[in-house]
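Peer 1: So here's model-v9.tsv (TSV, C-alpha atoms).
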chain	number	residue	atom	x	y	z
B	948	MET	CA	108.89	83.20	59.10
B	949	LYS	CA	108.91	81.79	62.61
B	950	LEU	CA	111.25	83.26	65.22
B	951	TYR	CA	113.25	81.12	67.62
B	952	PHE	CA	115.57	81.69	70.58
B	953	GLU	CA	118.55	81.88	68.21
B	954	ASP	CA	116.95	84.82	66.35
B	955	LEU	CA	116.49	87.00	69.44
B	956	LYS	CA	119.97	88.41	69.81
B	957	PRO	CA	120.54	90.98	72.57
B	958	GLY	CA	120.33	94.48	71.10
B	959	ARG	CA	117.68	93.59	68.52
B	960	VAL	CA	114.77	96.08	68.57
B	961	PHE	CA	111.19	95.52	67.39
B	962	LYS	CA	108.85	98.48	66.89
B	963	SER	CA	105.07	98.56	66.72
B	964	GLY	CA	102.18	101.01	66.55
B	965	PRO	CA	100.83	103.60	66.38
B	966	ILE	CA	97.39	103.13	67.92
B	967	LEU	CA	94.85	105.78	68.88
B	968	VAL	CA	93.52	105.85	72.46
B	969	GLU	CA	89.78	106.20	71.90
B	970	ALA	CA	87.55	107.77	74.56
B	971	ALA	CA	84.92	105.02	74.25
B	972	GLU	CA	87.52	102.30	74.81
B	973	VAL	CA	88.99	104.11	77.83
B	974	ARG	CA	85.50	104.28	79.33
B	975	ASP	CA	84.73	100.65	78.50
B	976	PHE	CA	87.97	99.35	80.02
B	977	ALA	CA	87.54	101.47	83.14
B	978	GLU	CA	83.94	100.38	83.66
B	979	ARG	CA	84.92	96.73	83.40
B	980	TYR	CA	88.28	96.60	85.15
B	981	ASP	CA	89.20	99.82	86.94
B	982	PRO	CA	86.03	101.78	87.82
B	983	GLN	CA	87.64	104.75	89.54
B	984	ASP	CA	86.21	108.21	88.95
B	985	PHE	CA	89.45	109.68	87.54
B	986	HIS	CA	89.21	107.08	84.72
B	987	LEU	CA	85.54	107.83	83.99
B	988	ASP	CA	84.78	111.49	84.58
B	989	GLU	CA	86.53	114.62	83.27
B	990	ALA	CA	85.86	116.71	86.37
B	991	ALA	CA	86.99	113.96	88.74
B	992	GLY	CA	90.13	113.50	86.64
B	993	ALA	CA	90.90	117.23	86.81
B	994	ALA	CA	90.54	117.14	90.61
B	995	SER	CA	92.67	113.99	90.99
B	996	VAL	CA	96.40	113.56	91.57
B	997	PHE	CA	96.69	113.23	87.76
B	998	GLY	CA	95.08	116.60	87.03
B	999	THR	CA	93.25	115.07	84.07
B	1000	LEU	CA	91.05	112.16	83.06
B	1001	VAL	CA	93.53	109.31	82.61
B	1002	ALA	CA	93.29	105.80	81.17
B	1003	SER	CA	93.79	102.93	83.59
B	1004	GLY	CA	97.47	101.99	83.77
B	1005	TRP	CA	96.39	98.41	83.07
B	1006	GLN	CA	94.83	99.60	79.84
B	1007	THR	CA	98.14	101.14	78.76
B	1008	ALA	CA	99.70	97.75	79.47
B	1009	ALA	CA	96.96	96.04	77.46
B	1010	TYR	CA	97.42	98.45	74.52
B	1011	SER	CA	101.15	97.73	74.65
B	1012	MET	CA	100.38	94.00	74.59
B	1013	ARG	CA	98.25	94.60	71.49
B	1014	MET	CA	101.22	96.28	69.82
B	1015	LEU	CA	103.51	93.42	70.85
B	1016	ALA	CA	101.03	90.91	69.39
B	1017	ASN	CA	100.97	92.98	66.17
B	1018	SER	CA	104.77	93.18	65.97
B	1019	GLU	CA	107.21	90.81	64.29
B	1020	LEU	CA	107.65	89.18	67.74
B	1021	ALA	CA	104.23	87.57	67.22
B	1022	ASN	CA	106.10	85.16	64.94
B	1023	ILE	CA	107.83	83.49	67.89
B	1024	ALA	CA	107.27	79.80	67.20
B	1025	ASN	CA	105.55	79.01	70.52
B	1026	GLY	CA	103.66	82.33	70.73
B	1027	LEU	CA	104.18	85.18	73.16
B	1028	VAL	CA	104.31	83.47	76.54
B	1029	GLY	CA	105.14	85.79	79.42
B	1030	LEU	CA	106.82	84.40	82.52
B	1031	GLN	CA	107.37	87.51	84.59
B	1032	ILE	CA	107.03	91.31	84.55
B	1033	ASP	CA	109.29	93.63	86.56
B	1034	LYS	CA	109.82	97.36	86.85
B	1035	LEU	CA	106.46	98.19	85.29
B	1036	MET	CA	106.20	101.99	85.71
B	1037	TRP	CA	103.68	104.52	84.45
B	1038	HIS	CA	105.65	107.68	83.74
B	1039	GLN	CA	103.01	110.00	82.27
B	1040	PRO	CA	99.19	110.00	82.11
B	1041	VAL	CA	97.64	108.45	78.98
B	1042	LYS	CA	94.51	110.29	77.82
B	1043	PRO	CA	91.83	109.82	75.16
B	1044	GLY	CA	93.19	111.17	71.89
B	1045	ASP	CA	96.77	110.13	72.62
B	1046	VAL	CA	98.57	108.06	70.02
B	1047	LEU	CA	100.82	105.32	71.39
B	1048	SER	CA	103.73	103.44	69.89
B	1049	THR	CA	106.13	100.87	71.30
B	1050	GLU	CA	109.66	99.56	71.20
B	1051	PHE	CA	110.58	96.07	72.38
B	1052	ASP	CA	114.31	95.55	72.96
B	1053	VAL	CA	115.99	92.19	73.48
B	1054	MET	CA	118.07	92.72	76.64
B	1055	SER	CA	119.48	89.27	77.39
B	1056	ARG	CA	118.73	85.56	77.04
B	1057	LYS	CA	119.64	82.22	78.54
B	1058	HIS	CA	118.89	78.59	77.82
B	1059	SER	CA	116.51	76.81	80.17
B	1060	ARG	CA	118.33	74.36	82.40
B	1061	SER	CA	115.26	72.20	83.03
B	1062	ARG	CA	113.86	72.17	79.46
B	1063	PRO	CA	116.63	72.41	76.83
B	1064	GLN	CA	114.12	72.92	74.02
B	1065	PHE	CA	113.32	76.37	75.47
B	1066	GLY	CA	115.07	79.53	76.58
B	1067	VAL	CA	114.17	82.66	78.54
B	1068	VAL	CA	114.50	86.00	76.74
B	1069	GLN	CA	114.38	89.32	78.60
B	1070	LEU	CA	112.55	92.08	76.72
B	1071	ALA	CA	112.35	95.76	77.65
B	1072	TRP	CA	109.03	97.32	76.61
B	1073	ARG	CA	108.83	101.08	76.15
B	1074	THR	CA	105.57	102.84	75.27
B	1075	PHE	CA	105.57	106.43	73.99
B	1076	ASN	CA	102.89	109.00	73.25
B	1077	GLN	CA	102.63	111.24	70.17
B	1078	HIS	CA	105.00	113.77	71.79
B	1079	GLY	CA	107.74	111.17	72.22
B	1080	ASP	CA	107.19	111.08	75.99
B	1081	LEU	CA	107.78	107.73	77.65
B	1082	VAL	CA	104.42	106.79	79.22
B	1083	MET	CA	105.13	103.21	80.36
B	1084	SER	CA	108.07	100.85	80.60
B	1085	LEU	CA	108.59	97.35	81.91
B	1086	GLU	CA	110.87	94.32	81.75
B	1087	ASN	CA	109.37	91.04	80.56
B	1088	ALA	CA	110.80	87.52	80.62
B	1089	ILE	CA	109.32	85.38	77.85
B	1090	TRP	CA	109.56	81.65	77.05
B	1091	VAL	CA	110.98	80.97	73.58
B	1092	ALA	CA	111.48	77.70	71.71
B	1093	VAL	CA	115.00	76.78	70.58
B	1094	ARG	CA	115.35	75.98	66.86
B	1095	ASP	CA	118.34	73.66	67.06
B	1096	VAL	CA	118.20	71.67	70.29
Y	1202	MET	CA	85.36	105.94	105.61
Y	1203	LYS	CA	88.43	107.13	103.75
Y	1204	LEU	CA	91.72	105.29	104.19
Y	1205	TYR	CA	95.04	107.07	104.64
Y	1206	PHE	CA	98.70	106.10	104.92
Y	1207	GLU	CA	98.33	105.74	108.70
Y	1208	ASP	CA	95.61	103.10	108.21
Y	1209	LEU	CA	97.70	100.80	106.02
Y	1210	LYS	CA	99.75	99.02	108.63
Y	1211	PRO	CA	102.10	96.25	107.45
Y	1212	GLY	CA	100.40	92.89	107.90
Y	1213	ARG	CA	96.91	94.17	107.15
Y	1214	VAL	CA	95.11	91.99	104.56
Y	1215	PHE	CA	92.24	92.98	102.26
Y	1216	LYS	CA	90.23	90.31	100.42
Y	1217	SER	CA	88.02	90.64	97.36
Y	1218	GLY	CA	86.04	88.53	94.92
Y	1219	PRO	CA	84.90	86.09	93.74
Y	1220	ILE	CA	84.37	86.82	90.06
Y	1221	LEU	CA	83.51	84.40	87.27
Y	1222	VAL	CA	85.76	84.28	84.19
Y	1223	GLU	CA	83.22	84.33	81.36
Y	1224	ALA	CA	84.06	82.87	77.95
Y	1225	ALA	CA	82.66	85.89	76.09
Y	1226	GLU	CA	84.80	88.28	78.09
Y	1227	VAL	CA	87.94	86.16	77.55
Y	1228	ARG	CA	87.28	86.27	73.80
Y	1229	ASP	CA	86.54	90.00	73.83
Y	1230	PHE	CA	89.70	90.89	75.77
Y	1231	ALA	CA	91.85	88.63	73.57
Y	1232	GLU	CA	90.43	90.06	70.34
Y	1233	ARG	CA	91.14	93.61	71.51
Y	1234	TYR	CA	94.42	93.29	73.35
Y	1235	ASP	CA	96.09	89.89	72.94
Y	1236	PRO	CA	94.89	88.23	69.72
Y	1237	GLN	CA	96.89	85.01	69.94
Y	1238	ASP	CA	95.26	81.76	68.86
Y	1239	PHE	CA	95.69	80.05	72.27
Y	1240	HIS	CA	93.49	82.80	73.78
Y	1241	LEU	CA	90.80	82.48	71.07
Y	1242	ASP	CA	90.50	78.89	69.90
Y	1243	GLU	CA	90.04	75.68	71.91
Y	1244	ALA	CA	92.03	73.50	69.52
Y	1245	ALA	CA	94.91	75.98	69.32
Y	1246	GLY	CA	94.92	76.23	73.11
Y	1247	ALA	CA	95.09	72.44	73.45
Y	1248	ALA	CA	98.06	72.35	71.05
Y	1249	SER	CA	99.89	75.23	72.80
Y	1250	VAL	CA	102.43	75.24	75.62
Y	1251	PHE	CA	99.45	75.76	77.96
Y	1252	GLY	CA	97.60	72.61	76.85
Y	1253	THR	CA	94.30	74.49	77.04
Y	1254	LEU	CA	92.57	77.67	75.92
Y	1255	VAL	CA	93.84	80.26	78.41
Y	1256	ALA	CA	92.87	83.86	79.19
Y	1257	SER	CA	95.48	86.53	78.44
Y	1258	GLY	CA	97.71	87.07	81.45
Y	1259	TRP	CA	96.92	90.77	81.14
Y	1260	GLN	CA	93.24	89.94	81.56
Y	1261	THR	CA	93.99	88.11	84.82
Y	1262	ALA	CA	95.79	91.28	85.93
Y	1263	ALA	CA	92.79	93.37	84.84
Y	1264	TYR	CA	90.35	91.09	86.70
Y	1265	SER	CA	92.57	91.43	89.78
Y	1266	MET	CA	92.49	95.22	89.39
Y	1267	ARG	CA	88.68	95.00	89.28
Y	1268	MET	CA	88.73	93.13	92.58
Y	1269	LEU	CA	91.15	95.67	94.08
Y	1270	ALA	CA	88.83	98.50	92.97
Y	1271	ASN	CA	85.91	96.64	94.58
Y	1272	SER	CA	87.79	96.07	97.84
Y	1273	GLU	CA	87.98	98.24	100.93
Y	1274	LEU	CA	91.24	99.63	99.48
Y	1275	ALA	CA	89.13	101.60	97.01
Y	1276	ASN	CA	88.49	103.93	99.95
Y	1277	ILE	CA	92.07	105.25	99.85
Y	1278	ALA	CA	91.58	109.01	99.97
Y	1279	ASN	CA	93.48	109.79	96.74
Y	1280	GLY	CA	92.27	106.68	94.87
Y	1281	LEU	CA	94.28	103.65	93.81
Y	1282	VAL	CA	97.34	105.15	92.15
Y	1283	GLY	CA	99.94	102.60	91.12
Y	1284	LEU	CA	103.60	103.63	90.90
Y	1285	GLN	CA	105.30	100.37	90.04
Y	1286	ILE	CA	104.68	96.64	89.56
Y	1287	ASP	CA	107.35	93.99	90.21
Y	1288	LYS	CA	107.50	90.21	90.28
Y	1289	LEU	CA	104.28	89.81	88.30
Y	1290	MET	CA	104.09	86.06	87.64
Y	1291	TRP	CA	101.40	83.88	86.11
Y	1292	HIS	CA	101.56	80.57	87.96
Y	1293	GLN	CA	98.66	78.62	86.45
Y	1294	PRO	CA	96.45	79.02	83.36
Y	1295	VAL	CA	93.15	80.89	83.88
Y	1296	LYS	CA	90.30	79.47	81.80
Y	1297	PRO	CA	86.68	80.36	81.07
Y	1298	GLY	CA	84.55	79.04	83.92
Y	1299	ASP	CA	87.21	79.67	86.55
Y	1300	VAL	CA	86.23	81.70	89.61
Y	1301	LEU	CA	88.89	84.10	90.88
Y	1302	SER	CA	89.43	85.75	94.23
Y	1303	THR	CA	92.16	87.98	95.58
Y	1304	GLU	CA	94.16	88.92	98.66
Y	1305	PHE	CA	96.00	92.22	98.97
Y	1306	ASP	CA	98.57	92.32	101.78
Y	1307	VAL	CA	100.27	95.46	103.08
Y	1308	MET	CA	103.96	94.53	103.04
Y	1309	SER	CA	105.70	97.79	103.99
Y	1310	ARG	CA	105.39	101.57	103.76
Y	1311	LYS	CA	107.49	104.69	103.88
Y	1312	HIS	CA	106.87	108.42	103.83
Y	1313	SER	CA	107.71	110.30	100.64
Y	1314	ARG	CA	110.82	112.41	101.07
Y	1315	SER	CA	109.88	114.84	98.30
Y	1316	ARG	CA	106.16	115.22	99.11
Y	1317	PRO	CA	105.44	114.85	102.86
Y	1318	GLN	CA	101.69	114.76	102.28
Y	1319	PHE	CA	102.09	111.33	100.63
Y	1320	GLY	CA	103.66	107.96	101.28
Y	1321	VAL	CA	104.46	104.83	99.29
Y	1322	VAL	CA	102.80	101.59	100.39
Y	1323	GLN	CA	103.94	98.19	99.06
Y	1324	LEU	CA	101.10	95.76	98.43
Y	1325	ALA	CA	101.38	92.05	97.54
Y	1326	TRP	CA	98.54	90.91	95.28
Y	1327	ARG	CA	97.65	87.22	95.15
Y	1328	THR	CA	94.97	85.86	92.83
Y	1329	PHE	CA	93.53	82.38	93.33
Y	1330	ASN	CA	91.18	80.12	91.37
Y	1331	GLN	CA	88.24	78.10	92.73
Y	1332	HIS	CA	90.62	75.25	93.67
Y	1333	GLY	CA	92.74	77.55	95.84
Y	1334	ASP	CA	95.60	77.47	93.32
Y	1335	LEU	CA	97.65	80.65	93.08
Y	1336	VAL	CA	97.23	81.83	89.47
Y	1337	MET	CA	98.94	85.25	89.63
Y	1338	SER	CA	100.98	87.29	92.08
Y	1339	LEU	CA	102.72	90.63	92.01
Y	1340	GLU	CA	104.14	93.41	94.14
Y	1341	ASN	CA	102.68	96.89	93.73
Y	1342	ALA	CA	103.86	100.23	95.08
Y	1343	ILE	CA	100.97	102.69	95.50
Y	1344	TRP	CA	100.82	106.38	96.33
Y	1345	VAL	CA	98.78	107.11	99.47
Y	1346	ALA	CA	97.82	110.41	101.09
Y	1347	VAL	CA	98.90	111.03	104.70
Y	1348	ARG	CA	96.08	111.99	107.09
Y	1349	ASP	CA	98.11	113.97	109.59
Y	1350	VAL	CA	100.93	115.78	107.80
Reformat the file's structure so that it appears as structure tokens.
Peer 2:
Amino acid sequence: MKLYFEDLKPGRVFKSGPILVEAAEVRDFAERYDPQDFHLDEAAGAASVFGTLVASGWQTAAYSMRMLANSELANIANGLVGLQIDKLMWHQPVKPGDVLSTEFDVMSRKHSRSRPQFGVVQLAWRTFNQHGDLVMSLENAIWVAVRDV
Amino acid sequence: MKLYFEDLKPGRVFKSGPILVEAAEVRDFAERYDPQDFHLDEAAGAASVFGTLVASGWQTAAYSMRMLANSELANIANGLVGLQIDKLMWHQPVKPGDVLSTEFDVMSRKHSRSRPQFGVVQLAWRTFNQHGDLVMSLENAIWVAVRDV
């Protein structure tokens, strides 16, 4: 069933996951998009400010996007269309073997003034590891179609 | 030559790119991390709010990270360690065949109060296509070692 602006009431929470962080995928992402030694080499990771080999922060964001796209929010009628990201923070290292899960909370919403058939919904993303530690959080404005214009 | 906090004076600009957005890589990223039909199928893209098949916004961020990691800023002594992202906006669709380039501007900096051997530097990232259109921008706080503590 499609989701519209009217369905995304502040306080509603959508959960998704878990997914396993696989070593091969961490290496592949780092080689393509973030080829720094602390993302590619155990010894370099241990010597880095992280103290361990760590996945690229952008990969944690991408994994979280995968979980969003696999959540009930994927049923938004016009798709998941991001307008802006704020307060994206990486709180803890994410390592191969970690298991991630996500919560997406509807924080607020407002109708578009310029295009009344749409509204802007503010989501808070929170990504956790298998220990329940918050590893990443962000705020995300998305563009959502109105059912009854 | 390694870069330290002292080297990152406000107003300094680092450029990087260009890179080609390849159709196979757009499909691969979308299948892994953002499997929405407007990222995977030409007809679905044409019918979407974008009016065209469009790369995931997170892939544009990842491509921009690749360019940052290939820029002179990769010489920061402790690596490129992001603390926070704000005001990430996607201004124009990015499509297969586009050619992206980036500018990274040092906006401001301050010494860490808790760890005097480090400072926080605010970068503005701007990503452009081959027409000179701004396709993505963001603000990024990074963690940078001080040379002379």
Peer 1: Identify, on the basis of only C-alpha atoms, every residue whose closest approach to Thr1303 in chain Y does not exceed 10 Å; exclude the query and any residue fewer than 2 positions from it along the same chain; express the result as a ChimeraX atom specification.
Peer 2: /Y:1215-1220,1264-1266,1268-1269,1272,1301,1305-1306,1326-1330,1335,1337-1338
Peer 1: Within 6 Å of chain B, which residues belong to chain Y? Use only C-alpha atoms and report them as a ChimeraX atom specification.
Peer 2: /Y:1234-1235,1263,1267,1285-1290
Peer 1: What separation in Å, quoted to one decimal, exists between CA of Lys1203 in chain Y and CA of Phe1319 in chain Y?
Peer 2: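 According to the coordinates, CA of Lys1203 in chain Y and CA of Phe1319 in chain Y are separated by 14.6 Å.
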Peer 1: Which polymer residues have any atom within 8 Å of an atom of Phe952 in chain B, counting only C-alpha atoms, with same-chain residues fewer than 5 positions away left out, as a PyMOL selection string?
Peer 2: chain B and resi 1065-1066+1068+1091-1094
Peer 1: Out of Y:Asp1349, Y:Glu1223, Y:Arg1228, Y:Pro1294, which residue has the shortest atom-to-atom distance to Gly1252 in chain Y when counting all atoms listed in the file?
Peer 2: Y:Pro1294
Peer 1: Which residue is closest to Asp954 in chain B? Choose from B:Leu1000, B:Ile1023, B:Val1082, B:Val1067 and count only C-alpha atoms.
Peer 2: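 Ranking B:Leu1000, B:Ile1023, B:Val1082, B:Val1067 by distance to Asp954 in chain B, first place goes to B:Ile1023.
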Peer 1: Kindly provide, as JSON, the centre and edge lengths (Å, one decimal) of an axis-aligned box around all atoms of range 1309-1322 of chain Y given in the file, with 4 Å on each side.
Peer 2:
{"center_x": 106.3, "center_y": 106.5, "center_z": 101.1, "size_x": 17.1, "size_y": 25.4, "size_z": 13.7}
Peer 1: At a cut-off of 7 Å around the point (95.1, 98.6, 102.8) (file coordinates), what residues fall inside when counting all atoms listed in the file? I'd like the answer as a VMD selection string.
Peer 2: chain Y and resid 1209 1213 to 1215 1274 1307
Peer 1: Of the residues B:Asp1080, B:Tyr951, B:Ala991, B:Lys956, which is the one nearest to Gln1039 in chain B, using only C-alpha atoms?
Peer 2: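 Nearest candidate to Gln1039 in chain B out of B:Asp1080, B:Tyr951, B:Ala991, B:Lys956: B:Asp1080.
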Peer 1: With 7 Å as the threshold, what does the neighbourhood of (96.6, 108.8, 75.3) contain in terms of residues, counting only C-alpha atoms? Coordinates are those of the file; answer as a PyMOL selection string.
Peer 2: chain B and resi 968+1041-1047+1076
Peer 1: Distance CA of Glu1243 in chain Y-CA of Asn1022 in chain B, one decimal place?
Peer 2: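 For CA of Glu1243 in chain Y relative to CA of Asn1022 in chain B, the distance reads 19.9 Å.
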Peer 1: CA of Ile1089 in chain B and CA of Gln1069 in chain B, how far apart in Å?
Peer 2: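 That distance, rounded to one decimal, is 6.5 Å.
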